[in-house]
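To be precise, the following lines are entry_11.txt, and they hold compact mmCIF, C-alpha atoms and all ligand atoms.
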# COMPACT_ATOMS: atom_id res chain seq x y z
CA MET G 1 -1.44 20.47 -13.25
CA LYS G 2 -2.03 16.85 -14.22
CA PHE G 3 -0.54 14.02 -12.19
CA GLY G 4 1.99 12.96 -14.86
CA THR G 5 3.41 16.49 -14.82
CA LYS G 6 3.25 16.75 -11.03
CA VAL G 7 5.43 13.68 -10.48
CA ILE G 8 8.17 15.37 -12.53
CA HIS G 9 7.67 18.92 -11.25
CA THR G 10 7.33 18.38 -7.53
CA GLY G 11 9.28 21.43 -6.40
CA HIS G 12 12.29 19.17 -5.88
CA GLU G 13 13.11 18.52 -9.52
CA ILE G 14 16.17 20.77 -9.31
CA ASP G 15 18.66 20.87 -6.44
CA LYS G 16 18.64 24.50 -5.34
CA HIS G 17 22.32 24.47 -4.31
CA THR G 18 23.83 23.09 -7.52
CA GLY G 19 21.15 22.98 -10.20
CA ALA G 20 21.48 19.18 -10.38
CA LEU G 21 18.40 17.48 -11.83
CA SER G 22 18.48 15.00 -8.99
CA ILE G 23 18.39 15.72 -5.27
CA PRO G 24 21.75 14.72 -3.76
CA ILE G 25 21.98 11.91 -1.25
CA TYR G 26 22.97 13.71 1.94
CA GLN G 27 24.75 10.81 3.58
CA ALA G 28 25.24 12.63 6.87
CA SER G 29 24.17 11.84 10.41
CA THR G 30 24.96 15.23 11.90
CA TYR G 31 25.48 18.87 10.88
CA HIS G 32 27.76 21.73 11.92
CA GLN G 33 26.01 24.30 14.09
CA PRO G 34 27.86 27.62 13.82
CA ASP G 35 25.60 29.45 16.30
CA ILE G 36 24.44 27.43 19.31
CA ASP G 37 21.74 29.98 20.08
CA ASN G 38 20.20 29.60 16.64
CA PRO G 39 20.11 25.92 15.69
CA PRO G 40 20.06 25.35 11.93
CA GLU G 41 17.22 23.53 10.15
CA PHE G 42 19.20 20.29 10.12
CA SER G 43 20.96 19.24 13.30
CA TYR G 44 20.78 15.43 13.37
CA SER G 45 19.47 13.08 10.70
CA ARG G 46 16.93 11.27 12.88
CA SER G 47 15.24 14.65 13.29
CA GLY G 48 15.68 15.72 9.67
CA ASN G 49 17.76 15.05 6.58
CA PRO G 50 17.65 17.07 3.33
CA THR G 51 17.15 14.05 1.04
CA ARG G 52 14.41 12.66 3.29
CA LYS G 53 12.85 16.11 3.50
CA ALA G 54 12.67 16.31 -0.32
CA LEU G 55 10.89 12.95 -0.36
CA GLU G 56 8.55 13.93 2.47
CA GLU G 57 7.58 17.16 0.72
CA THR G 58 7.15 15.33 -2.57
CA ILE G 59 4.74 12.72 -1.19
CA ALA G 60 2.77 15.40 0.68
CA PHE G 61 2.47 17.30 -2.62
CA LEU G 62 1.34 14.22 -4.56
CA GLU G 63 -1.19 13.10 -1.94
CA ASN G 64 -2.40 16.66 -1.50
CA GLY G 65 -1.70 16.63 2.22
CA ASP G 66 -0.12 19.04 4.65
CA LYS G 67 2.91 17.06 5.77
CA GLY G 68 4.74 13.91 4.72
CA PHE G 69 6.94 11.55 6.73
CA ALA G 70 9.29 8.81 5.55
CA PHE G 71 9.85 5.66 7.59
CA SER G 72 12.11 2.64 7.35
CA SER G 73 9.27 0.37 6.13
CA GLY G 74 5.54 0.34 5.53
CA MET G 75 5.12 -1.40 8.87
CA ALA G 76 7.24 1.26 10.61
CA ALA G 77 4.91 3.84 9.06
CA THR G 78 1.78 1.98 10.22
CA SER G 79 3.16 1.35 13.71
CA SER G 80 4.26 4.96 14.08
CA VAL G 81 0.80 6.18 13.04
CA LEU G 82 -0.87 3.79 15.50
CA SER G 83 1.41 5.14 18.22
CA VAL G 84 -0.66 8.34 18.34
CA PHE G 85 -3.28 6.33 20.27
CA SER G 86 -3.29 5.65 23.99
CA SER G 87 -4.25 2.86 26.31
CA GLY G 88 -8.05 2.58 26.43
CA ASP G 89 -8.55 3.87 22.87
CA HIS G 90 -10.32 1.64 20.39
CA ILE G 91 -9.41 1.38 16.70
CA LEU G 92 -11.72 -0.18 14.14
CA VAL G 93 -9.80 -2.00 11.39
CA CYS G 94 -11.11 -3.39 8.11
CA GLU G 95 -11.14 -7.15 8.38
CA ASP G 96 -9.01 -8.18 5.43
CA VAL G 97 -6.24 -5.74 6.22
CA TYR G 98 -2.63 -6.55 5.25
CA GLY G 99 -1.40 -9.49 7.38
CA GLY G 100 1.46 -7.50 8.95
CA THR G 101 -0.98 -4.83 10.12
CA TYR G 102 -3.23 -7.56 11.54
CA ARG G 103 -0.24 -8.98 13.42
CA VAL G 104 0.99 -5.68 14.84
CA VAL G 105 -2.41 -4.53 16.12
CA ASN G 106 -3.11 -7.91 17.71
CA ASN G 107 0.33 -8.78 19.06
CA LEU G 108 1.75 -5.39 19.94
CA PHE G 109 -0.79 -2.61 20.28
CA LYS G 110 -3.27 -4.76 22.21
CA ARG G 111 -0.50 -5.35 24.78
CA TYR G 112 -0.25 -1.58 25.18
CA GLY G 113 -3.94 -1.44 26.07
CA ILE G 114 -5.19 -0.27 22.69
CA GLU G 115 -8.42 -2.06 21.82
CA VAL G 116 -8.81 -3.27 18.27
CA SER G 117 -11.75 -4.85 16.51
CA PHE G 118 -12.36 -5.76 12.90
CA ALA G 119 -15.29 -5.04 10.60
CA ASN G 120 -16.24 -5.90 7.06
CA ALA G 121 -15.68 -2.39 5.73
CA VAL G 122 -17.52 -3.16 2.48
CA ASN G 123 -20.63 -2.82 4.60
CA LEU G 124 -21.01 0.76 5.88
CA LEU G 125 -23.67 -0.32 8.35
CA GLU G 126 -21.22 -2.76 9.88
CA ILE G 127 -18.68 0.06 10.25
CA GLU G 128 -21.28 2.24 11.94
CA ASN G 129 -22.44 -0.54 14.26
CA SER G 130 -18.86 -1.44 15.24
CA ILE G 131 -18.03 2.02 16.54
CA GLN G 132 -17.71 2.09 20.32
CA SER G 133 -17.75 4.97 22.78
CA ASN G 134 -13.93 4.79 22.98
CA THR G 135 -13.32 4.44 19.22
CA LYS G 136 -10.76 6.95 18.04
CA ALA G 137 -10.03 5.88 14.48
CA ILE G 138 -11.00 3.74 11.54
CA PHE G 139 -8.21 2.01 9.64
CA LEU G 140 -9.08 1.16 6.02
CA GLU G 141 -7.46 -0.44 3.01
CA THR G 142 -9.23 -0.29 -0.36
CA PRO G 143 -8.92 -2.25 -2.56
CA SER G 144 -8.23 -4.74 0.21
CA ASN G 145 -5.45 -7.27 0.27
CA PRO G 146 -5.73 -9.92 -1.18
CA LEU G 147 -9.42 -10.10 -2.17
CA MET G 148 -9.68 -6.62 -3.67
CA LYS G 149 -12.82 -5.71 -1.72
CA ILE G 150 -13.85 -2.10 -2.06
CA THR G 151 -14.73 0.22 0.79
CA ASP G 152 -16.83 3.26 0.03
CA LEU G 153 -14.31 5.82 1.29
CA LYS G 154 -16.66 8.80 1.15
CA GLY G 155 -19.34 6.86 3.03
CA ALA G 156 -16.91 5.61 5.69
CA ILE G 157 -15.37 9.08 6.09
CA LYS G 158 -18.82 10.59 6.58
CA ILE G 159 -19.61 8.12 9.36
CA ALA G 160 -16.24 8.74 11.00
CA THR G 161 -16.42 12.52 10.71
CA ASN G 162 -19.87 12.61 12.31
CA LYS G 163 -18.41 10.81 15.30
CA GLY G 164 -15.16 12.81 15.41
CA LEU G 165 -12.97 9.82 14.48
CA LEU G 166 -9.75 9.85 12.50
CA VAL G 167 -9.71 7.99 9.20
CA ILE G 168 -6.47 6.25 8.29
CA VAL G 169 -6.14 4.72 4.82
CA ASP G 170 -3.43 2.34 3.69
CA ASN G 171 -3.16 3.47 0.06
CA THR G 172 -0.37 1.08 -0.96
CA PHE G 173 -2.27 -0.74 -3.73
CA MET G 174 -3.39 2.44 -5.46
CA SER G 175 -0.53 4.92 -4.93
CA PRO G 176 -1.24 8.68 -5.04
CA TYR G 177 -1.63 8.44 -8.80
CA LEU G 178 -4.81 6.38 -8.65
CA GLN G 179 -6.37 7.32 -5.32
CA ARG G 180 -5.95 10.26 -2.95
CA PRO G 181 -7.95 9.59 0.22
CA LEU G 182 -7.01 12.93 1.83
CA GLU G 183 -8.91 14.71 -0.94
CA LEU G 184 -11.96 12.68 0.07
CA GLY G 185 -11.65 13.74 3.72
CA ALA G 186 -9.37 11.10 5.27
CA ASP G 187 -6.86 12.32 7.86
CA ILE G 188 -3.86 10.04 7.35
CA VAL G 189 -2.58 8.09 4.36
CA ILE G 190 -0.02 5.32 4.73
CA HIS G 191 2.08 3.67 2.03
CA SER G 192 4.30 0.71 1.91
CA ALA G 193 6.60 2.61 -0.46
CA THR G 194 8.34 -0.71 -0.98
CA LYS G 195 5.63 -1.37 -3.55
CA PHE G 196 4.52 0.89 -6.44
CA ILE G 197 6.24 4.05 -5.19
CA GLY G 198 9.70 2.44 -5.15
CA GLY G 199 8.56 0.31 -8.06
CA HIS G 200 11.74 -1.72 -8.64
CA SER G 201 11.81 -4.27 -5.79
CA ASP G 202 15.01 -2.71 -4.46
CA VAL G 203 14.00 -0.65 -1.43
CA VAL G 204 11.94 -1.11 1.73
CA GLY G 205 10.27 2.07 2.94
CA GLY G 206 7.10 3.59 4.32
CA LEU G 207 5.42 6.95 3.84
CA VAL G 208 2.76 8.80 5.77
CA VAL G 209 0.90 11.94 4.74
CA VAL G 210 -1.43 13.82 7.05
CA LYS G 211 -3.98 16.58 6.83
CA GLY G 212 -3.77 19.17 9.59
CA ILE G 213 -0.81 20.68 11.35
CA GLU G 214 -1.75 19.36 14.82
CA LEU G 215 -1.76 15.78 13.57
CA ALA G 216 1.49 16.45 11.71
CA LYS G 217 3.14 17.60 14.95
CA ARG G 218 2.06 14.41 16.72
CA ILE G 219 3.40 12.19 13.93
CA TYR G 220 6.64 14.17 13.77
CA SER G 221 7.21 13.74 17.48
CA ILE G 222 6.73 9.95 17.08
CA GLN G 223 8.98 9.83 14.03
CA ASN G 224 11.72 11.74 15.82
CA GLY G 225 11.19 10.01 19.16
CA PHE G 226 10.69 6.44 17.98
CA GLY G 227 13.27 6.95 15.25
CA ALA G 228 12.10 4.51 12.55
CA ILE G 229 13.26 6.92 9.84
CA LEU G 230 14.14 6.22 6.22
CA GLY G 231 17.83 6.63 5.34
CA PRO G 232 19.02 9.08 2.68
CA GLN G 233 19.93 6.43 0.06
CA ASP G 234 16.52 4.84 0.29
CA SER G 235 14.83 8.26 0.29
CA TRP G 236 16.61 9.00 -2.97
CA LEU G 237 15.53 5.69 -4.47
CA LEU G 238 11.91 6.52 -3.65
CA LEU G 239 12.27 10.00 -5.18
CA ARG G 240 13.55 8.33 -8.33
CA GLY G 241 10.81 5.70 -8.31
CA LEU G 242 8.11 8.35 -8.01
CA LYS G 243 9.20 10.01 -11.26
CA THR G 244 8.02 7.02 -13.30
CA LEU G 245 5.05 6.07 -11.11
CA LYS G 246 2.41 7.14 -13.61
CA VAL G 247 3.91 5.53 -16.70
CA ARG G 248 4.59 2.30 -14.83
CA MET G 249 1.10 2.13 -13.39
CA ASP G 250 -0.58 3.01 -16.68
CA TYR G 251 1.18 0.15 -18.41
CA GLN G 252 0.87 -2.31 -15.53
CA GLN G 253 -2.83 -1.75 -14.98
CA LYS G 254 -3.57 -2.13 -18.68
CA SER G 255 -1.85 -5.52 -18.61
CA ALA G 256 -3.61 -6.37 -15.33
CA LEU G 257 -6.98 -5.79 -16.98
CA ASP G 258 -6.02 -7.96 -19.97
CA LEU G 259 -4.78 -10.68 -17.65
CA ALA G 260 -7.88 -10.50 -15.42
CA ARG G 261 -10.14 -10.82 -18.48
CA TRP G 262 -8.12 -13.74 -19.78
CA LEU G 263 -8.12 -15.48 -16.38
CA SER G 264 -11.91 -15.08 -16.14
CA LYS G 265 -12.25 -17.30 -19.21
CA GLN G 266 -10.00 -20.14 -18.07
CA PRO G 267 -11.66 -23.40 -17.00
CA GLU G 268 -9.03 -23.87 -14.25
CA VAL G 269 -10.02 -20.55 -12.66
CA SER G 270 -13.15 -20.31 -10.52
CA GLU G 271 -13.06 -16.61 -9.52
CA VAL G 272 -11.11 -13.48 -10.40
CA PHE G 273 -10.92 -10.50 -8.04
CA TYR G 274 -10.09 -7.26 -9.82
CA PRO G 275 -12.01 -3.96 -9.59
CA GLY G 276 -11.45 -3.35 -13.32
CA LEU G 277 -13.77 -6.23 -14.22
CA ASP G 278 -17.44 -5.43 -14.86
CA ALA G 279 -18.38 -8.40 -12.68
CA HIS G 280 -16.61 -6.92 -9.62
CA PRO G 281 -19.32 -5.90 -7.13
CA GLY G 282 -17.34 -2.86 -5.98
CA LYS G 283 -16.43 -1.54 -9.43
CA GLU G 284 -18.77 1.44 -9.42
CA ILE G 285 -17.75 2.61 -5.96
CA HIS G 286 -14.09 2.05 -6.76
CA PHE G 287 -14.24 4.22 -9.87
CA SER G 288 -16.07 6.94 -7.96
CA GLN G 289 -13.03 7.33 -5.70
CA ALA G 290 -10.07 6.11 -7.78
CA GLN G 291 -8.73 6.81 -11.24
CA GLY G 292 -7.97 3.21 -12.18
CA PRO G 293 -8.17 -0.40 -11.04
CA GLY G 294 -4.44 -0.76 -10.29
CA ALA G 295 -2.09 -3.59 -11.13
CA VAL G 296 -2.87 -6.15 -8.43
CA LEU G 297 -5.45 -8.88 -8.84
CA SER G 298 -6.13 -12.23 -7.30
CA PHE G 299 -7.83 -15.39 -8.47
CA LYS G 300 -8.96 -18.75 -7.20
CA THR G 301 -8.25 -21.96 -9.04
CA ILE G 302 -10.83 -24.75 -9.21
CA ASN G 303 -8.97 -26.70 -6.53
CA ASP G 304 -5.99 -26.38 -4.19
CA GLU G 305 -3.78 -28.72 -6.23
CA THR G 306 -4.11 -26.55 -9.34
CA ALA G 307 -2.98 -23.54 -7.31
CA ARG G 308 0.02 -25.42 -5.91
CA LEU G 309 1.01 -26.67 -9.38
CA PHE G 310 0.63 -23.15 -10.77
CA MET G 311 2.94 -21.75 -8.10
CA LYS G 312 5.47 -24.49 -8.81
CA HIS G 313 5.50 -24.17 -12.60
CA ILE G 314 5.20 -20.45 -13.20
CA ARG G 315 8.40 -19.40 -14.98
CA LEU G 316 8.42 -15.76 -16.05
CA ALA G 317 6.68 -14.31 -13.02
CA ALA G 318 8.62 -14.35 -9.78
CA VAL G 319 7.15 -16.21 -6.82
CA ALA G 320 7.64 -13.78 -3.99
CA VAL G 321 6.04 -11.72 -1.26
CA SER G 322 5.60 -8.07 -2.22
CA LEU G 323 4.08 -6.34 -5.21
CA GLY G 324 4.35 -3.20 -7.25
CA GLY G 325 7.69 -3.94 -8.90
CA VAL G 326 8.57 -3.87 -12.60
CA GLU G 327 8.48 -7.65 -12.64
CA THR G 328 5.30 -9.69 -12.33
CA ILE G 329 5.11 -11.30 -8.91
CA VAL G 330 2.76 -14.10 -7.95
CA SER G 331 2.24 -14.83 -4.30
CA TYR G 332 0.40 -17.39 -2.26
CA PRO G 333 -1.36 -15.41 0.51
CA VAL G 334 -2.02 -18.34 2.89
CA LYS G 335 1.71 -19.02 3.15
CA MET G 336 2.99 -15.49 2.58
CA SER G 337 1.26 -12.15 3.24
CA HIS G 338 -1.54 -13.67 5.36
CA ALA G 339 0.32 -16.49 7.09
CA SER G 340 0.00 -14.58 10.37
CA VAL G 341 -3.80 -14.54 10.14
CA PRO G 342 -5.20 -17.62 11.96
CA GLN G 343 -6.46 -20.33 9.59
CA GLN G 344 -10.04 -20.16 10.86
CA GLU G 345 -10.10 -16.40 10.30
CA ARG G 346 -8.53 -16.78 6.86
CA GLU G 347 -11.18 -19.30 5.89
CA ARG G 348 -13.93 -17.01 7.12
CA LEU G 349 -12.50 -14.20 4.99
CA GLY G 350 -12.14 -16.38 1.89
CA ILE G 351 -8.33 -16.40 1.92
CA SER G 352 -8.22 -20.03 0.90
CA ASP G 353 -5.56 -22.49 -0.28
CA ASN G 354 -6.61 -22.00 -3.92
CA LEU G 355 -6.08 -18.23 -3.84
CA ILE G 356 -3.23 -16.63 -5.79
CA ARG G 357 -2.35 -12.94 -5.85
CA VAL G 358 -0.71 -11.35 -8.86
CA SER G 359 1.13 -8.05 -9.12
CA VAL G 360 1.42 -7.37 -12.82
CA GLY G 361 4.74 -5.96 -14.01
CA LEU G 362 6.09 -4.44 -17.19
CA GLU G 363 6.54 -7.58 -19.26
CA GLU G 364 4.67 -7.88 -22.55
CA ILE G 365 1.17 -9.23 -21.88
CA GLU G 366 1.45 -11.98 -24.53
CA ASP G 367 4.44 -13.47 -22.71
CA LEU G 368 2.68 -13.24 -19.36
CA ILE G 369 -0.42 -14.99 -20.66
CA GLU G 370 1.71 -17.71 -22.22
CA ASP G 371 3.42 -18.26 -18.87
CA PHE G 372 0.13 -18.33 -16.97
CA GLU G 373 -1.38 -20.69 -19.53
CA GLN G 374 1.38 -23.28 -19.23
CA SER G 375 1.32 -23.11 -15.42
CA LEU G 376 -2.45 -23.42 -15.19
CA ASN G 377 -2.57 -26.28 -17.66
CA ILE G 378 0.27 -28.26 -16.21
CA GLU G 379 -1.98 -31.10 -15.04
CA ALA G 380 -3.49 -31.55 -18.49
CA LEU G 381 -0.10 -31.23 -20.17
CA SER G 382 1.48 -33.88 -17.94
CA GLN G 383 -1.24 -36.46 -18.66
C1 LIG P 1 -1.08 -3.05 1.84
C2 LIG P 1 0.21 -3.13 2.59
N1 LIG P 1 0.42 -2.33 3.64
C3 LIG P 1 1.56 -2.37 4.34
C4 LIG P 1 2.57 -3.25 4.04
C5 LIG P 1 3.82 -3.28 4.85
O1 LIG P 1 4.87 -2.66 4.18
P1 LIG P 1 6.42 -3.02 4.34
O2 LIG P 1 6.59 -4.42 3.86
O3 LIG P 1 7.10 -1.99 3.51
O4 LIG P 1 6.74 -2.92 5.79
C6 LIG P 1 2.41 -4.10 2.93
C7 LIG P 1 3.46 -5.06 2.59
O5 LIG P 1 3.26 -6.00 1.85
C8 LIG P 1 1.19 -4.05 2.20
O6 LIG P 1 0.98 -4.85 1.14
Just give me the structure of the file as structure tokens.
Ligand SMILES: Cc1ncc(COP(=O)(O)O)c(C=O)c1O
Amino acid sequence: MKFGTKVIHTGHEIDKHTGALSIPIYQASTYHQPDIDNPPEFSYSRSGNPTRKALEETIAFLENGDKGFAFSSGMAATSSVLSVFSSGDHILVCEDVYGGTYRVVNNLFKRYGIEVSFANAVNLLEIENSIQSNTKAIFLETPSNPLMKITDLKGAIKIATNKGLLVIVDNTFMSPYLQRPLELGADIVIHSATKFIGGHSDVVGGLVVVKGIELAKRIYSIQNGFGAILGPQDSWLLLRGLKTLKVRMDYQQKSALDLARWLSKQPEVSEVFYPGLDAHPGKEIHFSQAQGPGAVLSFKTINDETARLFMKHIRLAAVAVSLGGVETIVSYPVKMSHASVPQQERERLGISDNLIRVSVGLEEIEDLIEDFEQSLNIEALSQ
């Protein structure tokens, strides 16, 4: 079955109790237990809720994994996954990981005795050389945020598998439509479902899908024990968002490609980062592991002032943190998603004051280009 059909026919397209074409929102914290010797499937909603279960089974189906888990945010998902490790374990993280992940591994997990180091995951040799005797996992994000660097997932997974390490992939930018790391041999996939999966900038949530029942049991015990679960209303919103994931992404990534090509030709723009462009150094690897370039791109303006003026004068696109919604969002990574990364480190990574990230929405491309044109040319227009 093709993905566009799968998102509609997930096994949860019809409520088995009523025939409703939408899974009900089971707004319940607890459940009647008629026989105390035989507890029912649902006993308390931290441990399990029917709406959340439908979502968890749906994402496991779409990612082609064994078990799915829904959390209260992408960061709750990431932190719950990282909680499988113990003091003394080392985790290797790709160096331009999402700023919130950078913060939590450095400020929280290091305090718990988990060692973390960072590597440029574009370079497989650097991954290999950064593995220590106590390394237990590699944490990857491809395309990376915000510079859209590409990691060779199959290559990295091969290195990790040879050493018996877990591979965790934050698949937020791609969604299960465009990239399914578990099919390539990864062990755990994480999503900030706040982004493309929700798709409408109206819900914060996180999803995890794992391969292997043993790993699933460990994640379940953290989900139930730690308790950072997604509520039934938000689970329902994500189920609804998933139904249109493919059509949204098809449209958004087509516009993203048009916008990236247009940006590449503008004199105020010095660099465009988008794996759909022929000039992107990771394009070939990206298309060997993903079905499309996605709808997020970033670009650098010729100087910092042009970037600041752009952010001030953009009209149609929203200026906001986040991505993956129906509306185009422009963000300024140094002050937003990557503000928690120290300046020196940001500069080393190329996350500079002239960098702008764009999540392309569902507006008509002609209107978007017109908006970008007036915001980029504001200096010239005001003279
Ligand atoms: C790639 C990536 N991973 C994880 C997160 C964290 O997700 P949330 O904001 O839902 O906690 C984000 C949020 O921007 C993200 O972009």
Handout entry: For region 230-232 of chain G: contacts at 7 Å, only C-alpha atoms, fewer than 4 positions along chain excluded, given as a list in words
Key = Ile25, Tyr26, Gln27, Thr51, Arg52, Ala70, Phe71, Ser72, Gly205 and Trp236 of chain G
Could you please take those selected residues and save C-alpha atoms as a compact mmCIF listing (two decimals), in the frame of the given file?
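Writing the result to selection16.txt gives the following:
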# COMPACT_ATOMS: atom_id res chain seq x y z
CA ILE G 25 21.98 11.91 -1.25
CA TYR G 26 22.97 13.71 1.94
CA GLN G 27 24.75 10.81 3.58
CA THR G 51 17.15 14.05 1.04
CA ARG G 52 14.41 12.66 3.29
CA ALA G 70 9.29 8.81 5.55
CA PHE G 71 9.85 5.66 7.59
CA SER G 72 12.11 2.64 7.35
CA GLY G 205 10.27 2.07 2.94
CA TRP G 236 16.61 9.00 -2.97
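Ranking G:Ser43, G:Ser73, G:Thr78, G:Thr30 by their shortest atom-to-atom distance to Val104 (chain G), with only C-alpha atoms included, puts G:Thr78 first.
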Handout entry: Point-to-point distance from CA of Thr194 (chain G) to CA of Ala317 (chain G), Å rounded to tenths
Key =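 CA of Ala317 (chain G) lies at a distance of 18.2 Å from CA of Thr194 (chain G).
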Practice task
Check the smallest atom-to-atom distance from each of G:Phe226, G:Tyr98, G:Phe3, G:Phe372 to ligand LIG 1 (chain P) using only C-alpha atoms and all ligand atoms, then report the winner.
Solution key: G:Tyr98
Mind dumping a table of every chain G residue within 8 Å of ligand LIG 1 (chain P), with the nearest atom pair and its distance in Å to one decimal, using all atoms listed in the file, sorted by chain and rising number, as a Markdown table?
| residue | atom | partner | partner_atom | distance |
| --- | --- | --- | --- | --- |
| G:Ser72 | CA | P:LIG1 | O3 | 7.8 |
| G:Ser73 | CA | P:LIG1 | O3 | 4.1 |
| G:Gly74 | CA | P:LIG1 | O1 | 3.4 |
| G:Met75 | CA | P:LIG1 | O4 | 3.8 |
| G:Ala76 | CA | P:LIG1 | O4 | 6.4 |
| G:Ala77 | CA | P:LIG1 | O4 | 7.7 |
| G:Thr78 | CA | P:LIG1 | C3 | 7.3 |
| G:Val97 | CA | P:LIG1 | C1 | 7.3 |
| G:Tyr98 | CA | P:LIG1 | C1 | 5.1 |
| G:Gly99 | CA | P:LIG1 | C8 | 7.9 |
| G:Gly100 | CA | P:LIG1 | C5 | 6.3 |
| G:Thr101 | CA | P:LIG1 | C3 | 6.8 |
| G:Glu141 | CA | P:LIG1 | C1 | 7.0 |
| G:Ser144 | CA | P:LIG1 | C1 | 7.5 |
| G:Asn145 | CA | P:LIG1 | C1 | 6.3 |
| G:Asp170 | CA | P:LIG1 | N1 | 6.1 |
| G:Asn171 | CA | P:LIG1 | C1 | 7.1 |
| G:Thr172 | CA | P:LIG1 | C1 | 5.0 |
| G:Phe173 | CA | P:LIG1 | C1 | 6.1 |
| G:Ile190 | CA | P:LIG1 | N1 | 7.7 |
| G:His191 | CA | P:LIG1 | N1 | 6.4 |
| G:Ser192 | CA | P:LIG1 | O1 | 4.1 |
| G:Ala193 | CA | P:LIG1 | O3 | 6.1 |
| G:Thr194 | CA | P:LIG1 | O3 | 4.8 |
| G:Lys195 | CA | P:LIG1 | O3 | 7.2 |
| G:Val204 | CA | P:LIG1 | O3 | 5.2 |
| G:Gly205 | CA | P:LIG1 | O3 | 5.2 |
| G:Gly206 | CA | P:LIG1 | O3 | 5.6 |
| G:Val321 | CA | P:LIG1 | O5 | 7.1 |
| G:Ser322 | CA | P:LIG1 | O5 | 5.1 |
| G:Leu323 | CA | P:LIG1 | O5 | 7.1 |
| G:Ser337 | CA | P:LIG1 | O5 | 6.6 |
Practice task
Would you work out the distance separating CA of Glu305 (chain G) from CA of Val334 (chain G), expressed in Å to one decimal?
Solution key: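 Computed distance, CA of Glu305 (chain G) to CA of Val334 (chain G), equals 13.9 Å.
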Handout entry: Atomic distance CA of Ser29 (chain G) - CA of Ile229 (chain G), expressed in Å with one decimal
Key =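 If I compute the distance from CA of Ser29 (chain G) to CA of Ile229 (chain G), I get 12.0 Å.
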Handout entry: Pick from G:Leu82, G:Ala318, G:Met148, G:Val169, whichever lies nearest to Ile219 (chain G) using only C-alpha atoms
Key =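 Ranking G:Leu82, G:Ala318, G:Met148, G:Val169 by distance to Ile219 (chain G), first place goes to G:Leu82.
Across G:His90, G:His200, G:Arg46, G:Lys149, the tightest approach to Leu237 (chain G) is made by G:His200 when counting only C-alpha atoms.
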